[in-house]
Amino acid sequence: MSSNTTLNAQLDALITGTIGLKDEGRFHEPNLDGTPGDYISFNSWEWPQGVVLYGLFRLWEFTRREDLLATLTTWFDRQIAQGLPPLNVNTTAPMLPLSLLWQHTRNDDYARVLDSWANDVMTKLPRTPEQGFQHVVSDGVNQMEIWDDTLFMVVLFLAHYGTVSGRQELVDEAVRQFAPFPVEMQQSDPLARPG
């Protein structure tokens with residue numbers, strides 16, 4: 001078997017296994033709203049699904065396999081129709097692949113969801129005193145903490161969607177989130193906090 005054939009077979013097994021996970025991933029650790037945590041099932045809207053969807057989209061870009069595009073559009077259409085979960089860092093992760101998909105499809109329903117979610121990130125996501133996005137997730141608040149996870153789950157979405165939609169304020173915020181302290185403060189005392 002050639003290395004390409006082996007790689008394609010492994011990718012197909014990974015895709016089939018991932019999208020085949022249905023309602024099997026309930027954790028005993030409940031979300032803040034009391035619902036059971038579910039980070040494994042492909043039917044959930046959480047950070048692991050966001051990472052998988054991002055990978056599926058990038059694989060679709062490389063291969064142009066119609067089954068991958070159909071998986072993405074079916075997943076997003078179903079999730080949007082049933083209603084999205086409350087805003088937090090983890091539930092923002094699927095927005096980056098949705099933004100990538102919207103850039104390709106220009107689906108108006110996706111644009112409405114993306115605009116609404118981006119607006120909520122900008123105005124409702126809790127922030128630290130330095131204005132970094134606080135790492136509030138489905139099952140924890142992480143009071144006044146900034147995590148590098150947030151850069152992938154929230155900030156890359158703002159940067160991409162801001163760029164492709166022409167919303168410069170989203171791009172500006174994304175840039176600022178990578179360096180939440182003023183340059184002069186970084187150079188003088190990296191542990192100092194704004195007064």
# chains A, B, ... in the order shown; residues from 1 in each chain; ligands from 1
>>> residues_around(residues="Gly132 in chain A", least_positions_apart="6", cutoff="9 Å", atoms="only C-alpha atoms", output="PyMOL selection string")
chain A and resi 126+144-146+176-181
>>> write_last_selection(atoms="all heavy atoms", output="mmCIF file, in the first residue's frame")
data_model
loop_
_atom_site.group_PDB
_atom_site.id
_atom_site.type_symbol
_atom_site.label_atom_id
_atom_site.label_comp_id
_atom_site.auth_asym_id
_atom_site.auth_seq_id
_atom_site.Cartn_x
_atom_site.Cartn_y
_atom_site.Cartn_z
ATOM 1 N N PRO A 126 -16.752 38.237 29.603
ATOM 2 C CA PRO A 126 -16.041 38.896 30.712
ATOM 3 C C PRO A 126 -14.563 39.110 30.391
ATOM 4 O O PRO A 126 -13.950 38.332 29.672
ATOM 5 C CB PRO A 126 -16.198 37.903 31.871
ATOM 6 C CG PRO A 126 -17.421 37.114 31.534
ATOM 7 C CD PRO A 126 -17.413 36.998 30.036
ATOM 8 N N MET A 144 -10.727 35.973 36.568
ATOM 9 C CA MET A 144 -9.620 36.854 36.229
ATOM 10 C C MET A 144 -8.432 36.130 35.595
ATOM 11 O O MET A 144 -7.310 36.621 35.637
ATOM 12 C CB MET A 144 -9.145 37.651 37.449
ATOM 13 C CG MET A 144 -10.176 38.643 37.958
ATOM 14 S SD MET A 144 -10.611 39.854 36.685
ATOM 15 C CE MET A 144 -12.365 39.627 36.573
ATOM 16 N N GLU A 145 -8.672 34.962 35.002
ATOM 17 C CA GLU A 145 -7.592 34.223 34.357
ATOM 18 C C GLU A 145 -7.644 34.402 32.838
ATOM 19 O O GLU A 145 -8.710 34.402 32.244
ATOM 20 C CB GLU A 145 -7.686 32.728 34.678
ATOM 21 C CG GLU A 145 -7.432 32.412 36.135
ATOM 22 C CD GLU A 145 -7.520 30.923 36.433
ATOM 23 O OE1 GLU A 145 -7.521 30.108 35.491
ATOM 24 O OE2 GLU A 145 -7.577 30.586 37.625
ATOM 25 N N ILE A 146 -6.474 34.543 32.244
ATOM 26 C CA ILE A 146 -6.313 34.562 30.796
ATOM 27 C C ILE A 146 -5.575 33.282 30.431
ATOM 28 O O ILE A 146 -4.496 33.020 30.960
ATOM 29 C CB ILE A 146 -5.497 35.788 30.328
ATOM 30 C CG1 ILE A 146 -6.187 37.090 30.723
ATOM 31 C CG2 ILE A 146 -5.258 35.733 28.836
ATOM 32 C CD1 ILE A 146 -5.372 38.341 30.437
ATOM 33 N N ARG A 176 -5.110 43.069 19.701
ATOM 34 C CA ARG A 176 -4.928 43.530 21.077
ATOM 35 C C ARG A 176 -4.920 42.370 22.069
ATOM 36 O O ARG A 176 -4.189 42.384 23.059
ATOM 37 C CB ARG A 176 -6.029 44.531 21.441
ATOM 38 C CG ARG A 176 -5.617 45.497 22.529
ATOM 39 C CD ARG A 176 -6.758 46.397 22.932
ATOM 40 N NE ARG A 176 -7.854 45.669 23.536
ATOM 41 C CZ ARG A 176 -7.761 44.984 24.682
ATOM 42 N NH1 ARG A 176 -6.631 44.933 25.323
ATOM 43 N NH2 ARG A 176 -8.795 44.356 25.173
ATOM 44 N N GLN A 177 -5.723 41.337 21.812
ATOM 45 C CA GLN A 177 -5.785 40.203 22.730
ATOM 46 C C GLN A 177 -4.472 39.415 22.777
ATOM 47 O O GLN A 177 -4.177 38.767 23.773
ATOM 48 C CB GLN A 177 -6.932 39.266 22.352
ATOM 49 C CG GLN A 177 -8.308 39.816 22.660
ATOM 50 C CD GLN A 177 -8.546 40.014 24.137
ATOM 51 O OE1 GLN A 177 -8.213 39.172 24.966
ATOM 52 N NE2 GLN A 177 -9.153 41.145 24.485
ATOM 53 N N PHE A 178 -3.691 39.467 21.711
ATOM 54 C CA PHE A 178 -2.400 38.781 21.736
ATOM 55 C C PHE A 178 -1.390 39.522 22.599
ATOM 56 O O PHE A 178 -0.397 38.938 23.021
ATOM 57 C CB PHE A 178 -1.859 38.588 20.314
ATOM 58 C CG PHE A 178 -2.317 37.305 19.690
ATOM 59 C CD1 PHE A 178 -3.482 37.280 18.932
ATOM 60 C CD2 PHE A 178 -1.613 36.132 19.868
ATOM 61 C CE1 PHE A 178 -3.917 36.093 18.358
ATOM 62 C CE2 PHE A 178 -2.044 34.943 19.305
ATOM 63 C CZ PHE A 178 -3.198 34.923 18.546
ATOM 64 N N ALA A 179 -1.610 40.787 22.868
ATOM 65 C CA ALA A 179 -0.710 41.584 23.710
ATOM 66 C C ALA A 179 -1.560 42.533 24.549
ATOM 67 O O ALA A 179 -1.634 43.725 24.257
ATOM 68 C CB ALA A 179 0.279 42.357 22.851
ATOM 69 N N PRO A 180 -2.224 42.011 25.612
ATOM 70 C CA PRO A 180 -3.179 42.847 26.347
ATOM 71 C C PRO A 180 -2.555 43.964 27.168
ATOM 72 O O PRO A 180 -3.261 44.837 27.624
ATOM 73 C CB PRO A 180 -3.895 41.846 27.260
ATOM 74 C CG PRO A 180 -2.959 40.705 27.405
ATOM 75 C CD PRO A 180 -2.178 40.642 26.122
ATOM 76 N N PHE A 181 -1.254 43.934 27.367
ATOM 77 C CA PHE A 181 -0.621 45.006 28.122
ATOM 78 C C PHE A 181 -0.026 46.028 27.170
ATOM 79 O O PHE A 181 0.522 45.659 26.135
ATOM 80 C CB PHE A 181 0.502 44.448 29.015
ATOM 81 C CG PHE A 181 0.026 43.435 30.009
ATOM 82 C CD1 PHE A 181 0.210 42.087 29.774
ATOM 83 C CD2 PHE A 181 -0.609 43.830 31.171
ATOM 84 C CE1 PHE A 181 -0.223 41.140 30.690
ATOM 85 C CE2 PHE A 181 -1.047 42.889 32.085
ATOM 86 C CZ PHE A 181 -0.857 41.547 31.848
#
>>> closest_atom_pairs(of="range 70-172 of chain A", to="range 56-65 of chain A", cutoff="8 Å", atoms="only C-alpha atoms", output="JSON lines")
{"residue": "A:Leu72", "atom": "CA", "partner": "A:Phe57", "partner_atom": "CA", "distance": 7.3}
{"residue": "A:Pro97", "atom": "CA", "partner": "A:Phe57", "partner_atom": "CA", "distance": 6.6}
{"residue": "A:Leu100", "atom": "CA", "partner": "A:Phe57", "partner_atom": "CA", "distance": 7.5}
{"residue": "A:Leu101", "atom": "CA", "partner": "A:Phe57", "partner_atom": "CA", "distance": 7.4}
>>> atom_distance(atom1="CA of Thr105 in chain A", atom2="CA of Thr73 in chain A")
9.5 Å
>>> residues_around(residues="Leu114 in chain A", least_positions_apart="5", cutoff="9 Å", atoms="only C-alpha atoms", output="list in words")
Met95, Leu98, Ser99, Trp102, Asp109, Asn119 and Tyr161 of chain A
